Amino acid sequence: MPVPYHRPSITNAETEAVQKVLESGWLTTGKVTAEFEGEIAARVGSRYAVAVNSATAALHIALASLDLGPGDEVIVPTHTFAATSEVVIYTGATPVLVDVERDNLNMDPAGVEAALTPRTKAMMPVHFTGQAADMDALIAIAGDIPIVEDAAHALPTTYKGQMVGSIGLATAFSFYANKTITTGEGGMLTTDDPNIEDRARRLSLHGLSRAAWSRFESGSTWEYDIVEAGFKYNLTDVASAMGLAQLQRLDELATRRREIALTYNEAFSGLAEIDPLVVPRHDDSAWHLYIIRLRLEHLTIDRNTFIARLADRGIGTSVHYKPLHLHPYYTTRFGFDRSDFPVSSDQFDRIISLPIFPGMTHGDVTEVIEGVADIVRSSRR
Ligand SMILES: Cc1ncc(COP(=O)(O)O)c(C=O)c1O
């Protein structure tokens with residue numbers, strides 16, 4: 001495909017860092033992972049960071065650290081990936097879906113307020129596309145209720161000048177292959193709370209009192225206690241080496257995403273049929289996704305046909321997301337239909353995620369812009 005939806009940006013720095021670990025004699029979680037944790041914490045301004053093998057794992061151990069169980073409720077947006085809500089189900093608690101704001105598809109604070117019950121034990125905003133959710137409003141509504149942020153899209157993102165990762169009780173980042181920085185698969189939980197850090201770290205490795213690296217380092221190689229039933233979520237030093245090399249390049253990678261986004265914004269501002277998401281002035285988005293919304297009233301074709309026409313021109317796209325409430329698991333379990341979350345349902349029909357990755361050339365970006373503009377011109381009502 002001439003312009004794929006995504007291509008990771010890997011340089012010699014990542015290859016050499018990984019090779020060094022491969023030759024070091026220690027492959028699993030060890031000092032390189034500890035260094036990666038320290039660097040992420042320093043970058044986002046959190047006291048602690050716990051490296052894990054996905055953002056899903058980070059979200060899960062954050063919720064598990066809160067001792068959620070059957071009867072408890074956790075508020076999540078419906079317009080998100082499977083992970084945000086499934087981790088609630090892992091704990092035995094019930095996900096309570098709420099609709100999103102039309103401007104930016106982030107969780108709607110008014111919907112959150114309406115969904116609060118005495119059983120609400122946490123809320124999980126998603127910083128959708130890399131744009132921060134309305135944290136001031138959510139914090140005001142939450143009061144004492146813990147906020148666990150799904151920041152899978154949001155490195156580096158600021159909210160009113162503060163880095164996402166240092167705002168709520170705990171924040172989960174993703175290093176999946178198409179994120180701003182990647183370890184292939186990987187994730188990080190950041191928090192300022194020593195109890196969450198301690199518990200999440202233990203849960204990330206079978207509930208053991210001491211991880212293999214600390215036993216090895218201290219010279220007592222076998223002894224540990226199983227303190228509780230945990231999970232196998234630790235990140236390897238191989239992956240962390242790649243993460244450290246990528247983190248060194250974070251500014252460069254994020255800047256290129258922003259440049260592409262601003263070029264798209266400028267180009268599409270002249271097309272009445274295209275409606276980009278609105279980024280509030282005080283926020284700096286990570287621009288993980290660039291989503292256009294079709295004003296279907298002005299077009300003769302639907303979203304899927306638009307995507308097929310882009311694919312005919314060799315342009316890869318995606319859709320983020322089909323909302324949770326339209327998936328069989330949720331319709332069957334909760335009886336949802338489109339009318340339960342009207343904003344998300346309506347927006348789902350209109351959205352297309354365009355390629356936005358640092359390796360895109362000027363020519364690639366132009367090709368996408370011309371592709372969108374040509375399809376719009378040929379399918380105007
Ligand atoms: C909003 C959101 N939350 C969580 C995840 C899960 O991330 P991971 O694949 O690292 O588990 C993703 C994945 O892309 C995501 O988009």
# chains A, B, ... in the order shown; residues from 1 in each chain; ligands from 1
$ residues_around --residues "segment 366-374 of chain A" --least-positions-apart "4" --cutoff "8 Å" --atoms "only C-alpha atoms" --output "JSON, numbers by chain"
{"A": [3, 264, 267, 268, 271, 310, 313, 315, 354, 355, 362, 378]}
$ write_last_selection --atoms "N, CA and C atoms" --output "short mmCIF file (atom, residue, chain, number, x, y, z; two decimals), in the first residue's frame"
data_model
loop_
_atom_site.label_atom_id
_atom_site.label_comp_id
_atom_site.auth_asym_id
_atom_site.auth_seq_id
_atom_site.Cartn_x
_atom_site.Cartn_y
_atom_site.Cartn_z
N VAL A 3 0.42 4.38 0.89
CA VAL A 3 0.40 5.06 2.20
C VAL A 3 -0.33 4.14 3.19
N TYR A 264 -3.07 18.52 8.03
CA TYR A 264 -4.43 18.01 7.74
C TYR A 264 -5.49 19.06 8.13
N ALA A 267 -5.66 21.76 5.61
CA ALA A 267 -6.18 21.31 4.31
C ALA A 267 -7.69 21.06 4.38
N PHE A 268 -8.16 20.46 5.47
CA PHE A 268 -9.57 20.08 5.53
C PHE A 268 -10.47 21.24 5.96
N LEU A 271 -12.90 22.22 3.38
CA LEU A 271 -13.88 21.26 2.86
C LEU A 271 -15.08 21.19 3.81
N LEU A 310 -10.74 5.31 -0.60
CA LEU A 310 -9.36 5.63 -0.18
C LEU A 310 -8.46 4.40 -0.39
N ARG A 313 -7.21 3.95 -3.76
CA ARG A 313 -6.09 4.85 -4.09
C ARG A 313 -4.82 4.46 -3.34
N ILE A 315 -4.58 4.12 0.05
CA ILE A 315 -4.46 4.83 1.33
C ILE A 315 -5.11 3.99 2.43
N LEU A 354 -7.27 8.65 9.67
CA LEU A 354 -6.32 8.74 8.56
C LEU A 354 -4.92 8.38 9.03
N PRO A 355 -4.03 8.02 8.10
CA PRO A 355 -2.64 7.73 8.50
C PRO A 355 -2.02 8.94 9.19
N HIS A 362 6.25 14.21 3.13
CA HIS A 362 5.39 15.30 2.67
C HIS A 362 4.46 14.78 1.57
N SER A 378 -16.10 14.26 -5.75
CA SER A 378 -16.86 13.39 -6.67
C SER A 378 -18.12 12.83 -6.01
#
$ residues_around --residues "His282 of chain A" --least-positions-apart "6" --cutoff "9 Å" --atoms "only C-alpha atoms" --output "list in words"
Thr158, Tyr159, Lys160 and Gly161 of chain A
$ residues_around --residues "Asp251 of chain A" --least-positions-apart "3" --cutoff "12 Å" --atoms "only C-alpha atoms" --output "number ranges by chain"
A: 43, 155-157, 180-181, 246-248, 254-258, 286, 358
$ select_by_dssp --residues "segment 178-215 of chain A" --states "alpha helix (DSSP H)" --output "list in words"
Pro194, Asn195, Ile196, Glu197, Asp198, Arg199, Ala200, Arg201, Arg202, Leu203, Ala212, Trp213, Ser214 and Arg215 of chain A
$ residues_around --residues "segment 20-35 of chain A" --least-positions-apart "3" --cutoff "7 Å" --atoms "only C-alpha atoms" --output "list of chain:residue names"
A:Glu16, A:Ala17, A:Gly38, A:Glu39, A:Ala51, A:Trp213, A:Asn234, A:Leu235, A:Thr236, A:Asp237, A:Val238, A:Ser240, A:Ala241
$ write_last_selection --atoms "C-alpha atoms" --output "CSV table (one decimal), in the first residue's frame"
chain,number,residue,atom,x,y,z
A,16,GLU,CA,21.6,-1.5,19.1
A,17,ALA,CA,19.8,-1.1,22.5
A,38,GLY,CA,12.4,5.9,36.0
A,39,GLU,CA,12.6,7.7,32.7
A,51,ALA,CA,6.3,-1.4,33.6
A,213,TRP,CA,15.8,-9.4,39.6
A,234,ASN,CA,6.0,-8.0,33.7
A,235,LEU,CA,7.8,-6.2,30.8
A,236,THR,CA,11.1,-7.7,29.6
A,237,ASP,CA,14.4,-5.9,29.5
A,238,VAL,CA,14.5,-6.6,25.8
A,240,SER,CA,12.4,-1.9,27.8
A,241,ALA,CA,15.6,-1.3,25.9
$ residues_near_ligand --ligand "ligand 1" --cutoff "9 Å" --atoms "only C-alpha atoms and all ligand atoms" --output "ChimeraX atom specification"
/A:53-59,79-85,126-129,150-153,172-179,185-188,320-321
$ atom_distance --atom1 "atom CA of Pro146 of chain A" --atom2 "atom CA of Val44 of chain A"
19.3 Å
